[in-house]
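Written below as structure tokens is the structure these notes are about.
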Amino acid sequence: MSVDDTGSGTGAHGRVDQPPFSASLERGDSHATDSGEDPLALRLEQLILGAERRYTPFQAARSAGVSMELASRFWRAMGFADIGQAKALTEADVLALRRLAGLVEAGLLSEAMAVQVARSTGQTTARLAEWQMDSFLEGLTEPPEPGMTRTEVTYPIIELLLPELEEFLVYVWRRQLAASAGRVIQTGDDEEMVDRRLAVGFADLVGFTRLTRRMEEEELGELVEAFETTSADLVAARGGRLIKTLGDEVLYAADDAGVAAEIALRLIETLANDETMPELRVGIAFGTVTTRMGDVFGTTVNLASRLTSIAPRDAVLVDSAFAEELIRTGEAPASEAEAAEAVAAAEKEGEEPPTYRFALQPMWQRPVRGLGVVEPWLLTRRDGAS
């Protein structure tokens, strides 16, 4: 099926051939004029999508062989607004519907799972697209040609960046998919592929609400961006996974308790050396976690969040299950007395004494809302460990 029956023609890679930018602005777009839409917005849409509007939602669903009800579910899951029966969809929209429906028909995905795929993809890429547009245009002050507005400059920027960003997006996605698949394969128990035992950590900036009242919006935005960037880099470098950022809070996970502990202490140490950053507190819990659409849920996550709220400034609190895991794996001694005994025994036998990276100090038991009484432990780095 041809994308364009009006004779405008398509390029070798499926993109609709575009006249020069200045010519397109002077020419305008009769459809845009008739519908009251901005002609430049339509030209940008056509550039990005690589095709002209051709279908109403009903026509697109019929061409894809999908019921209108299912098509609407997919579109809403992807985050697309209802458009009535306006002619606003392209051949790519038909193909996307056909692919999703084909996965369901082949039995590779259930209908509910296909909707989840649409929703997770839509939410992730929507945020990415907003960030990219903001970032690319934010620092643009000098137009390439005199008299051009920032809105007009958007077109040539997108025209240059689009193919490169598309290739890069696919590359990163494949890399992340390979890493995720590797973690699944290493999981011995099939049930743990969905309900897994993980270390979950929350890192929270202290006094952020007060900061929002004192700082200018631009300063606050820069602080949040610096915190998120620092946290994301540290989590990735140490082998953890950044689950999400919430402005003044970061949620991360790790398969290994030692990795989660190292990330937490590195975050504290790094931000403590930055005078522009507020103090930080971290809470970590270890246990069964349910994963859905890249997020994590369950009692373990709730406990980590509660521990963060009661943690001292520039300190890390962990739950007893996390402390036990560090002790079991030899990352921390159960007590300093036990560590001394282990060193003495090793020296007596002429063996290498055990090396512990972390120290654990039991704190007072306390009731935590919704979780009963918990015994937090203060996590620190042992002298000489780095």
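Ligands are numbered from 1 in the order shown, chains are lettered A, B, ... in the order of the structure tokens, and residues start at 1 in each chain.
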Open item on the list: Report as a ChimeraX atom specification all protein, DNA and RNA residues lying within 10 Å of range 68-80 of chain A, evaluated on only C-alpha atoms, omitting residues in the same chain fewer than 4 positions from it.
Closed with: /A:57-62,64,93-94,96-98,100-101,111-112,114-126
Open item on the list: At a cut-off of 12 Å, using only C-alpha atoms, what residues contact range 267-275 of chain A? Leave out same-chain residues fewer than 5 positions from it and give the result as a PyMOL selection string.
Closed with: chain A and resi 201-206+223+226-235+237-238+250+252+260-262+280-283+312-316+379-381+386
- [ ] Point out the residue among A:Val224, A:Ala346, A:Ala334, A:Ile310 with the least atom-to-atom distance to Pro362 in chain A, counting only C-alpha atoms.
- [x] A:Ala334
Task: Neighbour list for Val343 in chain A as a count of residues only, cut-off 9 Å, only C-alpha atoms, skip fewer than 5 positions in-chain - done: 6
- [ ] Check range 149-339 of chain A with DSSP on the backbone and list each residue it calls strand (DSSP E or B), as a PyMOL selection string.
- [x] chain A and resi 195-205+241-245+249-254+280-292+295-297+315-318
Residues from last step as file, N, CA and C atoms, as a CSV table (one decimal), in the first residue's frame:
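The result, written out as again.csv:
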chain,number,residue,atom,x,y,z
A,195,ASP,N,8.9,-12.8,40.5
A,195,ASP,CA,9.1,-12.4,41.9
A,195,ASP,C,10.5,-12.7,42.4
A,196,ARG,N,11.4,-11.7,42.3
A,196,ARG,CA,12.8,-12.0,42.5
A,196,ARG,C,13.2,-11.4,43.9
A,197,ARG,N,14.3,-12.0,44.4
A,197,ARG,CA,15.0,-11.5,45.6
A,197,ARG,C,16.0,-10.5,45.2
A,198,LEU,N,15.8,-9.2,45.6
A,198,LEU,CA,16.7,-8.1,45.2
A,198,LEU,C,16.9,-7.2,46.4
A,199,ALA,N,18.0,-6.5,46.3
A,199,ALA,CA,18.3,-5.4,47.3
A,199,ALA,C,17.7,-4.1,46.6
A,200,VAL,N,16.9,-3.4,47.4
A,200,VAL,CA,16.2,-2.2,46.9
A,200,VAL,C,16.6,-1.0,47.7
A,201,GLY,N,17.1,0.0,47.1
A,201,GLY,CA,17.6,1.2,47.9
A,201,GLY,C,16.9,2.5,47.4
A,202,PHE,N,16.5,3.3,48.4
A,202,PHE,CA,16.0,4.7,48.2
A,202,PHE,C,17.1,5.6,48.7
A,203,ALA,N,17.4,6.6,47.9
A,203,ALA,CA,18.3,7.7,48.3
A,203,ALA,C,17.5,9.0,48.2
A,204,ASP,N,17.5,9.8,49.3
A,204,ASP,CA,16.6,10.9,49.4
A,204,ASP,C,17.4,12.2,49.9
A,205,LEU,N,17.2,13.3,49.2
A,205,LEU,CA,17.8,14.5,49.6
A,205,LEU,C,17.1,15.1,50.8
A,241,ARG,N,20.8,-1.1,39.1
A,241,ARG,CA,19.9,-0.7,38.0
A,241,ARG,C,19.1,0.5,38.6
A,242,LEU,N,19.1,1.6,37.9
A,242,LEU,CA,18.2,2.7,38.3
A,242,LEU,C,16.8,2.4,37.9
A,243,ILE,N,15.9,2.4,38.9
A,243,ILE,CA,14.5,2.0,38.6
A,243,ILE,C,13.8,3.3,38.2
A,244,LYS,N,13.9,4.4,39.0
A,244,LYS,CA,13.3,5.6,38.6
A,244,LYS,C,13.8,6.7,39.5
A,245,THR,N,13.6,8.0,39.1
A,245,THR,CA,14.0,9.2,39.8
A,245,THR,C,12.7,10.0,40.1
A,249,GLU,N,14.4,12.1,45.0
A,249,GLU,CA,14.6,10.8,45.5
A,249,GLU,C,14.9,9.9,44.3
A,250,VAL,N,15.8,8.9,44.6
A,250,VAL,CA,16.2,7.9,43.6
A,250,VAL,C,15.9,6.5,44.1
A,251,LEU,N,15.3,5.7,43.2
A,251,LEU,CA,15.1,4.3,43.6
A,251,LEU,C,16.0,3.4,42.7
A,252,TYR,N,16.8,2.5,43.3
A,252,TYR,CA,17.6,1.6,42.5
A,252,TYR,C,17.5,0.2,43.1
A,253,ALA,N,18.0,-0.8,42.3
A,253,ALA,CA,18.0,-2.2,42.8
A,253,ALA,C,19.3,-2.8,42.3
A,254,ALA,N,19.6,-3.9,43.0
A,254,ALA,CA,20.8,-4.7,42.7
A,254,ALA,C,20.5,-6.1,43.1
A,280,LEU,N,22.2,13.7,52.3
A,280,LEU,CA,21.5,12.6,51.8
A,280,LEU,C,21.3,11.5,52.8
A,281,ARG,N,20.2,10.8,52.7
A,281,ARG,CA,20.0,9.6,53.5
A,281,ARG,C,19.5,8.5,52.6
A,282,VAL,N,19.9,7.3,53.0
A,282,VAL,CA,19.6,6.1,52.2
A,282,VAL,C,19.0,5.0,53.0
A,283,GLY,N,18.0,4.3,52.5
A,283,GLY,CA,17.4,3.1,53.1
A,283,GLY,C,17.5,1.9,52.2
A,284,ILE,N,17.9,0.8,52.6
A,284,ILE,CA,18.0,-0.4,51.8
A,284,ILE,C,17.3,-1.6,52.5
A,285,ALA,N,16.5,-2.4,51.7
A,285,ALA,CA,15.9,-3.6,52.2
A,285,ALA,C,16.2,-4.7,51.2
A,286,PHE,N,16.2,-6.0,51.7
A,286,PHE,CA,16.5,-7.1,50.8
A,286,PHE,C,15.4,-8.1,51.0
A,287,GLY,N,14.8,-8.6,49.8
A,287,GLY,CA,13.8,-9.6,49.9
A,287,GLY,C,13.1,-9.7,48.5
A,288,THR,N,12.0,-10.4,48.6
A,288,THR,CA,11.2,-10.7,47.3
A,288,THR,C,10.6,-9.4,46.8
A,289,VAL,N,10.7,-9.2,45.5
A,289,VAL,CA,10.2,-8.0,44.8
A,289,VAL,C,9.5,-8.4,43.6
A,290,THR,N,8.3,-7.8,43.4
A,290,THR,CA,7.6,-8.0,42.1
A,290,THR,C,8.0,-6.9,41.1
A,291,THR,N,8.3,-7.4,39.9
A,291,THR,CA,8.7,-6.4,38.9
A,291,THR,C,7.6,-6.3,37.8
A,292,ARG,N,7.2,-5.1,37.5
A,292,ARG,CA,6.2,-4.9,36.5
A,292,ARG,C,6.6,-3.6,35.7
A,295,ASP,N,9.3,-1.4,36.8
A,295,ASP,CA,9.2,-0.8,38.2
A,295,ASP,C,9.2,-2.0,39.2
A,296,VAL,N,9.4,-1.7,40.4
A,296,VAL,CA,9.4,-2.8,41.5
A,296,VAL,C,8.4,-2.4,42.5
A,297,PHE,N,7.7,-3.5,43.1
A,297,PHE,CA,6.7,-3.3,44.0
A,297,PHE,C,6.8,-4.4,45.1
A,315,ALA,N,23.6,9.1,56.2
A,315,ALA,CA,23.8,7.8,56.7
A,315,ALA,C,22.9,6.8,55.9
A,316,VAL,N,23.2,5.5,56.1
A,316,VAL,CA,22.5,4.4,55.4
A,316,VAL,C,21.9,3.5,56.5
A,317,LEU,N,20.6,3.3,56.4
A,317,LEU,CA,19.9,2.3,57.3
A,317,LEU,C,19.5,1.1,56.4
A,318,VAL,N,19.7,-0.1,56.9
A,318,VAL,CA,19.3,-1.3,56.2
A,318,VAL,C,18.4,-2.2,57.1
Open item on the list: Could you tell me how far CA of Val259 in chain A sits from CA of Ala337 in chain A, in Å to one decimal place?
Closed with: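 Taking CA of Ala337 in chain A and CA of Val259 in chain A, their separation equals 24.8 Å.
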